[in-house]
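A.B. asks: Take a look at this one; I'll ask things after.
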Amino acid sequence: MPNENERIASGPGLLANRFGINRSHDNSLISLENGLWLSKSPLNRNMKTIIQTTRIGISKAKDLPWRWYVKNSRSISKRAKGDRCPSVSEAWRPSS
């Protein structure tokens with residue numbers, strides 16, 4: 001979000017916290033009426049590459065590639081091996 005720390009949502013727990021998602025949302029339907037929905041965003045030209053990698057912080061199925069992030073984002077909890085954090089000037093920024 002504009003004018004927020006770039007690491008405010010760097011991981012699923014922080015992302016949920018940022019948007020007020022908690023255990024009270026368990027078993028809720030994803031819908032506009034419930035205030036919880038997913039929206040497809042047009043691929044921003046500054047979002048150059050999506051990285052797919054294995055899961056982190058779990059004990060089972062950690063080899064499954066069920067984790068994605070925008071390569072030029074600085075808001076990543078743990079980057080794929082060999083992937084370096086972009087400089088501030090090269091990083092993706094959400095539009096205002």
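Within each chain, counting starts at residue 1; across the structure tokens, chains are named A, B, ... in the order shown, with ligands numbered 1 upward in that order.
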Neighbours of stretch 47-59 of chain A within 12 Å (only C-alpha atoms; same-chain residues fewer than 2 positions away dropped), as a count of residues only?

C.D. replies: 36

A.B. asks: Which of chain A counts as strand (DSSP E or B) under DSSP, as number ranges by chain please?

C.D. replies: A: 31, 36, 50-53, 67-70

A.B. asks: Save the residues we just selected, N, CA and C atoms, as a PDB file, in the first residue's frame?

C.D. replies:
```pdb
ATOM      1  N   SER A  31     -16.668 -13.657  -0.521  1.00  0.00           N
ATOM      2  CA  SER A  31     -17.652 -12.903  -1.301  1.00  0.00           C
ATOM      3  C   SER A  31     -17.571 -11.421  -0.947  1.00  0.00           C
ATOM      4  N   LEU A  36     -14.755 -10.190   2.032  1.00  0.00           N
ATOM      5  CA  LEU A  36     -13.537 -10.977   1.791  1.00  0.00           C
ATOM      6  C   LEU A  36     -13.624 -11.550   0.385  1.00  0.00           C
ATOM      7  N   ILE A  50       7.180 -13.575 -12.135  1.00  0.00           N
ATOM      8  CA  ILE A  50       6.634 -14.258 -10.969  1.00  0.00           C
ATOM      9  C   ILE A  50       7.555 -15.453 -10.679  1.00  0.00           C
ATOM     10  N   ILE A  51       8.047 -15.543  -9.448  1.00  0.00           N
ATOM     11  CA  ILE A  51       8.914 -16.641  -9.024  1.00  0.00           C
ATOM     12  C   ILE A  51       8.051 -17.687  -8.326  1.00  0.00           C
ATOM     13  N   GLN A  52       8.242 -18.945  -8.707  1.00  0.00           N
ATOM     14  CA  GLN A  52       7.566 -20.044  -8.016  1.00  0.00           C
ATOM     15  C   GLN A  52       8.636 -20.814  -7.261  1.00  0.00           C
ATOM     16  N   THR A  53       8.363 -21.096  -6.004  1.00  0.00           N
ATOM     17  CA  THR A  53       9.344 -21.769  -5.165  1.00  0.00           C
ATOM     18  C   THR A  53       8.643 -22.686  -4.164  1.00  0.00           C
ATOM     19  N   ARG A  67       4.324 -21.699  -3.620  1.00  0.00           N
ATOM     20  CA  ARG A  67       4.654 -20.366  -3.114  1.00  0.00           C
ATOM     21  C   ARG A  67       5.107 -19.521  -4.296  1.00  0.00           C
ATOM     22  N   TRP A  68       4.558 -18.323  -4.407  1.00  0.00           N
ATOM     23  CA  TRP A  68       4.880 -17.436  -5.520  1.00  0.00           C
ATOM     24  C   TRP A  68       5.144 -16.031  -4.993  1.00  0.00           C
ATOM     25  N   TYR A  69       5.977 -15.311  -5.723  1.00  0.00           N
ATOM     26  CA  TYR A  69       6.169 -13.891  -5.401  1.00  0.00           C
ATOM     27  C   TYR A  69       6.657 -13.141  -6.634  1.00  0.00           C
ATOM     28  N   VAL A  70       6.469 -11.847  -6.617  1.00  0.00           N
ATOM     29  CA  VAL A  70       6.933 -10.985  -7.706  1.00  0.00           C
ATOM     30  C   VAL A  70       8.421 -10.747  -7.495  1.00  0.00           C
TER      31      VAL A  70
END
```

A.B. asks: Could you pull out all residues of chain A with a DSSP call of helix (DSSP H, G or I) and give them as a VMD selection string?

C.D. replies: chain A and resid 12 to 18 23 to 25

A.B. asks: In Å, how far is it from atom CA of A:Arg7 to atom CA of A:Leu38?

C.D. replies: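 Spanning atom CA of A:Arg7 to atom CA of A:Leu38 is a straight-line distance of 21.0 Å.
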